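Engineer: Input data20.pdb, format and content: PDB, C-alpha atoms.
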```pdb
ATOM      1  CA  GLN A   1    -129.369 -81.495-173.680
ATOM      2  CA  VAL A   2    -132.633 -81.354-171.846
ATOM      3  CA  GLN A   3    -135.826 -79.918-173.277
ATOM      4  CA  LEU A   4    -138.721 -78.648-171.188
ATOM      5  CA  VAL A   5    -142.126 -77.949-172.682
ATOM      6  CA  GLU A   6    -144.833 -76.324-170.579
ATOM      7  CA  SER A   7    -148.533 -76.460-171.270
ATOM      8  CA  GLY A   8    -151.808 -75.747-169.541
ATOM      9  CA  GLY A   9    -151.716 -72.002-169.215
ATOM     10  CA  GLY A  10    -154.610 -69.783-170.177
ATOM     11  CA  LEU A  11    -157.196 -67.291-169.045
ATOM     12  CA  VAL A  12    -159.217 -68.045-165.933
ATOM     13  CA  GLN A  13    -161.467 -66.081-163.608
ATOM     14  CA  ALA A  14    -160.393 -65.339-160.072
ATOM     15  CA  GLY A  15    -161.167 -68.290-157.838
ATOM     16  CA  GLY A  16    -160.710 -70.737-160.671
ATOM     17  CA  SER A  17    -158.137 -73.465-161.239
ATOM     18  CA  LEU A  18    -155.524 -74.409-163.795
ATOM     19  CA  ARG A  19    -153.098 -77.293-164.064
ATOM     20  CA  LEU A  20    -149.740 -76.698-165.672
ATOM     21  CA  SER A  21    -147.637 -79.510-167.088
ATOM     22  CA  CYS A  22    -143.944 -79.631-167.913
ATOM     23  CA  ALA A  23    -142.715 -82.450-170.120
ATOM     24  CA  VAL A  24    -139.016 -83.227-169.755
ATOM     25  CA  SER A  25    -137.205 -84.869-172.666
ATOM     26  CA  GLY A  26    -133.720 -85.367-174.001
ATOM     27  CA  ARG A  27    -130.903 -86.352-171.681
ATOM     28  CA  ILE A  28    -133.050 -87.423-168.787
ATOM     29  CA  SER A  29    -131.244 -87.763-165.502
ATOM     30  CA  ILE A  30    -132.032 -87.618-161.838
ATOM     31  CA  PHE A  31    -132.384 -83.922-161.280
ATOM     32  CA  ALA A  32    -131.421 -82.201-158.070
ATOM     33  CA  VAL A  33    -134.297 -79.758-158.449
ATOM     34  CA  MET A  34    -137.485 -79.735-160.498
ATOM     35  CA  GLY A  35    -139.868 -76.872-160.179
ATOM     36  CA  TRP A  36    -141.810 -73.857-161.342
ATOM     37  CA  PHE A  37    -140.997 -70.166-161.424
ATOM     38  CA  ARG A  38    -143.077 -67.250-162.584
ATOM     39  CA  GLN A  39    -142.461 -63.742-163.818
ATOM     40  CA  ALA A  40    -145.057 -61.007-163.813
ATOM     41  CA  PRO A  41    -144.652 -57.857-165.938
ATOM     42  CA  GLY A  42    -142.104 -55.517-164.405
ATOM     43  CA  LYS A  43    -141.139 -58.002-161.712
ATOM     44  CA  GLN A  44    -138.303 -60.419-161.153
ATOM     45  CA  ARG A  45    -138.690 -64.094-161.789
ATOM     46  CA  GLU A  46    -139.633 -65.840-158.559
ATOM     47  CA  LEU A  47    -139.831 -69.380-157.269
ATOM     48  CA  VAL A  48    -143.354 -70.781-157.076
ATOM     49  CA  ALA A  49    -142.770 -74.397-156.081
ATOM     50  CA  ARG A  50    -140.086 -77.038-156.423
ATOM     51  CA  PHE A  51    -138.929 -80.519-155.554
ATOM     52  CA  ARG A  52    -135.426 -80.744-154.118
ATOM     53  CA  SER A  53    -133.324 -83.334-152.377
ATOM     54  CA  GLY A  54    -135.587 -86.087-153.641
ATOM     55  CA  SER A  55    -139.119 -85.422-152.506
ATOM     56  CA  THR A  56    -138.773 -82.311-150.364
ATOM     57  CA  THR A  57    -141.039 -79.542-151.594
ATOM     58  CA  ASP A  58    -140.794 -75.791-151.230
ATOM     59  CA  TYR A  59    -143.531 -73.273-151.924
ATOM     60  CA  ALA A  60    -143.622 -69.518-152.097
ATOM     61  CA  ASP A  61    -145.573 -68.145-149.151
ATOM     62  CA  SER A  62    -148.009 -66.505-151.545
ATOM     63  CA  VAL A  63    -149.137 -69.850-152.983
ATOM     64  CA  LYS A  64    -149.052 -72.129-149.952
ATOM     65  CA  GLY A  65    -152.346 -73.918-149.500
ATOM     66  CA  ARG A  66    -153.468 -73.068-153.033
ATOM     67  CA  PHE A  67    -150.857 -74.601-155.335
ATOM     68  CA  THR A  68    -149.558 -78.166-155.377
ATOM     69  CA  ILE A  69    -146.510 -79.459-157.223
ATOM     70  CA  SER A  70    -146.402 -83.098-158.292
ATOM     71  CA  ARG A  71    -144.687 -85.335-160.824
ATOM     72  CA  ASP A  72    -145.119 -88.698-162.448
ATOM     73  CA  ASN A  73    -143.262 -91.776-161.257
ATOM     74  CA  ALA A  74    -140.761 -91.566-164.105
ATOM     75  CA  LYS A  75    -140.060 -87.960-163.099
ATOM     76  CA  THR A  76    -140.386 -86.858-166.701
ATOM     77  CA  THR A  77    -143.439 -84.687-166.167
ATOM     78  CA  VAL A  78    -143.891 -82.084-163.480
ATOM     79  CA  TYR A  79    -147.284 -80.601-162.690
ATOM     80  CA  LEU A  80    -148.481 -77.510-160.920
ATOM     81  CA  GLN A  81    -152.071 -77.595-159.754
ATOM     82  CA  MET A  82    -153.222 -74.053-159.097
ATOM     83  CA  ASN A  83    -156.459 -73.505-157.181
ATOM     84  CA  SER A  84    -158.177 -70.395-155.842
ATOM     85  CA  LEU A  85    -156.331 -68.295-158.386
ATOM     86  CA  LYS A  86    -155.956 -64.583-157.768
ATOM     87  CA  SER A  87    -155.226 -61.720-160.115
ATOM     88  CA  GLU A  88    -151.759 -61.449-158.598
ATOM     89  CA  ASP A  89    -151.003 -64.956-159.874
ATOM     90  CA  THR A  90    -151.010 -63.557-163.405
ATOM     91  CA  ALA A  91    -147.572 -64.215-164.877
ATOM     92  CA  VAL A  92    -145.586 -66.290-167.298
ATOM     93  CA  TYR A  93    -144.848 -69.605-165.610
ATOM     94  CA  TYR A  94    -141.571 -71.363-166.337
ATOM     95  CA  CYS A  95    -140.520 -74.919-165.694
ATOM     96  CA  ASN A  96    -137.004 -75.345-164.336
ATOM     97  CA  VAL A  97    -134.742 -78.315-163.680
ATOM     98  CA  ILE A  98    -131.258 -78.350-162.214
ATOM     99  CA  GLU A  99    -128.799 -81.197-162.549
ATOM    100  CA  PHE A 100    -126.487 -82.226-159.732
ATOM    101  CA  SER A 101    -123.726 -80.593-161.797
ATOM    102  CA  ASN A 102    -125.652 -77.320-161.256
ATOM    103  CA  ARG A 103    -126.455 -77.017-164.933
ATOM    104  CA  GLN A 104    -130.004 -75.807-165.260
ATOM    105  CA  TYR A 105    -132.620 -75.690-167.982
ATOM    106  CA  TRP A 106    -135.713 -73.579-168.567
ATOM    107  CA  GLY A 107    -138.860 -74.059-170.542
ATOM    108  CA  GLN A 108    -140.213 -71.430-172.893
ATOM    109  CA  GLY A 109    -142.925 -70.394-170.444
ATOM    110  CA  THR A 110    -146.703 -70.497-170.449
ATOM    111  CA  GLN A 111    -148.935 -67.510-169.806
ATOM    112  CA  VAL A 112    -151.418 -67.600-166.945
ATOM    113  CA  THR A 113    -153.887 -64.735-166.794
ATOM    114  CA  VAL A 114    -156.367 -64.417-163.945
ATOM    115  CA  SER A 115    -159.205 -61.974-164.467
ATOM    116  CA  SER A 116    -160.808 -60.324-161.468
TER     117      SER A 116
END
```
Would you put the structure from the file into structure tokens?

Structural biologist:
Amino acid sequence: QVQLVESGGGLVQAGGSLRLSCAVSGRISIFAVMGWFRQAPGKQRELVARFRSGSTTDYADSVKGRFTISRDNAKTTVYLQMNSLKSEDTAVYYCNVIEFSNRQYWGQGTQVTVSS
């Protein structure tokens, strides 16, 4: 089993910054994908940013240039640096990892609220 624990969410004013962290524990392996999703009220969960195929990164168009995904060398912590936050970034942010077997795991989520 793999456990994911997110932290770093909170309330911030528009234009501000937050850094989310996702600590990975348990049966650590080399994951095919490590990333972040978010879900706003009444909306579907959507990809925010991810690592795949090693170090390739993908970003949602809405966050390009504002958010940066990174991880530590041991690949047991994944970060999401969020700058120039907008009210539309308000959502619950979830950490996600996918094994090469396609089994995937989710964190419990952390709330990010951006006030305008």

Engineer: Which is closer to A:Pro41 than all the others in A:Ser116, A:Gln1, A:Thr76, A:Gln111, using only C-alpha atoms?

Structural biologist: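 Of the candidates, the smallest distance to A:Pro41 is held by A:Gln111.
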
Engineer: Calculated over only C-alpha atoms, which of the candidates A:Phe31, A:Cys22, A:Ala49, A:Gly9 has the smallest distance to A:Phe100?

Structural biologist: A:Phe31

Engineer: Closest to A:Gln108 among A:Val48, A:Val92, A:Leu85, A:Ala74, using only C-alpha atoms?

Structural biologist: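 Smallest distance to A:Gln108 is found for A:Val92.
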
Engineer: Between A:Ser7, A:Ser21, A:Asn96, A:Thr68, which has the minimum distance to A:Leu47 (counting only C-alpha atoms)?

Structural biologist: A:Asn96

Engineer: Please provide the set of residues having any atom within 8 Å of A:Thr90, restricted to all atoms listed in the file, with same-chain residues fewer than 4 positions apart removed, written as a PyMOL selection string.

Structural biologist: chain A and resi 40+86+111-114

Engineer: Since the input is missing atoms for stretch 8-22 of chain A, could you rebuild it with N, CA, C and O atoms and give the result as a PDB file, keeping the file's coordinate frame?

Structural biologist:
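selection-v9.pdb, freshly written:
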```
ATOM      1  N   GLY A   8    -150.737 -75.857-170.523  1.00  0.00           N
ATOM      2  CA  GLY A   8    -151.808 -75.747-169.541  1.00  0.00           C
ATOM      3  C   GLY A   8    -152.148 -74.337-169.111  1.00  0.00           C
ATOM      4  O   GLY A   8    -153.093 -74.135-168.343  1.00  0.00           O
ATOM      5  N   GLY A   9    -151.400 -73.372-169.581  1.00  0.00           N
ATOM      6  CA  GLY A   9    -151.716 -72.002-169.215  1.00  0.00           C
ATOM      7  C   GLY A   9    -152.970 -71.521-169.924  1.00  0.00           C
ATOM      8  O   GLY A   9    -153.525 -72.202-170.783  1.00  0.00           O
ATOM      9  N   GLY A  10    -153.428 -70.342-169.545  1.00  0.00           N
ATOM     10  CA  GLY A  10    -154.610 -69.783-170.177  1.00  0.00           C
ATOM     11  C   GLY A  10    -155.216 -68.671-169.361  1.00  0.00           C
ATOM     12  O   GLY A  10    -154.594 -68.148-168.433  1.00  0.00           O
ATOM     13  N   LEU A  11    -156.442 -68.338-169.720  1.00  0.00           N
ATOM     14  CA  LEU A  11    -157.196 -67.291-169.045  1.00  0.00           C
ATOM     15  C   LEU A  11    -158.239 -67.931-168.138  1.00  0.00           C
ATOM     16  O   LEU A  11    -158.986 -68.821-168.562  1.00  0.00           O
ATOM     17  N   VAL A  12    -158.269 -67.481-166.897  1.00  0.00           N
ATOM     18  CA  VAL A  12    -159.217 -68.045-165.933  1.00  0.00           C
ATOM     19  C   VAL A  12    -159.721 -66.927-165.033  1.00  0.00           C
ATOM     20  O   VAL A  12    -159.003 -65.939-164.808  1.00  0.00           O
ATOM     21  N   GLN A  13    -160.925 -67.073-164.531  1.00  0.00           N
ATOM     22  CA  GLN A  13    -161.467 -66.081-163.608  1.00  0.00           C
ATOM     23  C   GLN A  13    -160.892 -66.294-162.216  1.00  0.00           C
ATOM     24  O   GLN A  13    -160.497 -67.415-161.845  1.00  0.00           O
ATOM     25  N   ALA A  14    -160.854 -65.233-161.456  1.00  0.00           N
ATOM     26  CA  ALA A  14    -160.393 -65.339-160.072  1.00  0.00           C
ATOM     27  C   ALA A  14    -161.220 -66.389-159.333  1.00  0.00           C
ATOM     28  O   ALA A  14    -162.429 -66.470-159.503  1.00  0.00           O
ATOM     29  N   GLY A  15    -160.513 -67.204-158.549  1.00  0.00           N
ATOM     30  CA  GLY A  15    -161.167 -68.290-157.838  1.00  0.00           C
ATOM     31  C   GLY A  15    -161.133 -69.608-158.591  1.00  0.00           C
ATOM     32  O   GLY A  15    -161.448 -70.654-158.024  1.00  0.00           O
ATOM     33  N   GLY A  16    -160.757 -69.544-159.847  1.00  0.00           N
ATOM     34  CA  GLY A  16    -160.710 -70.737-160.671  1.00  0.00           C
ATOM     35  C   GLY A  16    -159.424 -71.527-160.507  1.00  0.00           C
ATOM     36  O   GLY A  16    -158.577 -71.203-159.657  1.00  0.00           O
ATOM     37  N   SER A  17    -159.279 -72.560-161.332  1.00  0.00           N
ATOM     38  CA  SER A  17    -158.137 -73.465-161.239  1.00  0.00           C
ATOM     39  C   SER A  17    -157.520 -73.694-162.616  1.00  0.00           C
ATOM     40  O   SER A  17    -158.212 -73.610-163.642  1.00  0.00           O
ATOM     41  N   LEU A  18    -156.255 -73.982-162.608  1.00  0.00           N
ATOM     42  CA  LEU A  18    -155.524 -74.409-163.795  1.00  0.00           C
ATOM     43  C   LEU A  18    -154.506 -75.450-163.372  1.00  0.00           C
ATOM     44  O   LEU A  18    -154.028 -75.436-162.227  1.00  0.00           O
ATOM     45  N   ARG A  19    -154.163 -76.315-164.316  1.00  0.00           N
ATOM     46  CA  ARG A  19    -153.098 -77.293-164.064  1.00  0.00           C
ATOM     47  C   ARG A  19    -152.049 -77.151-165.151  1.00  0.00           C
ATOM     48  O   ARG A  19    -152.350 -77.339-166.335  1.00  0.00           O
ATOM     49  N   LEU A  20    -150.852 -76.810-164.746  1.00  0.00           N
ATOM     50  CA  LEU A  20    -149.740 -76.698-165.672  1.00  0.00           C
ATOM     51  C   LEU A  20    -148.985 -78.019-165.728  1.00  0.00           C
ATOM     52  O   LEU A  20    -148.862 -78.721-164.717  1.00  0.00           O
ATOM     53  N   SER A  21    -148.459 -78.323-166.905  1.00  0.00           N
ATOM     54  CA  SER A  21    -147.637 -79.510-167.088  1.00  0.00           C
ATOM     55  C   SER A  21    -146.303 -79.117-167.701  1.00  0.00           C
ATOM     56  O   SER A  21    -146.235 -78.185-168.505  1.00  0.00           O
ATOM     57  N   CYS A  22    -145.272 -79.838-167.342  1.00  0.00           N
ATOM     58  CA  CYS A  22    -143.944 -79.631-167.913  1.00  0.00           C
ATOM     59  C   CYS A  22    -143.388 -80.986-168.314  1.00  0.00           C
ATOM     60  O   CYS A  22    -143.106 -81.817-167.449  1.00  0.00           O
TER      61      CYS A  22
END
```
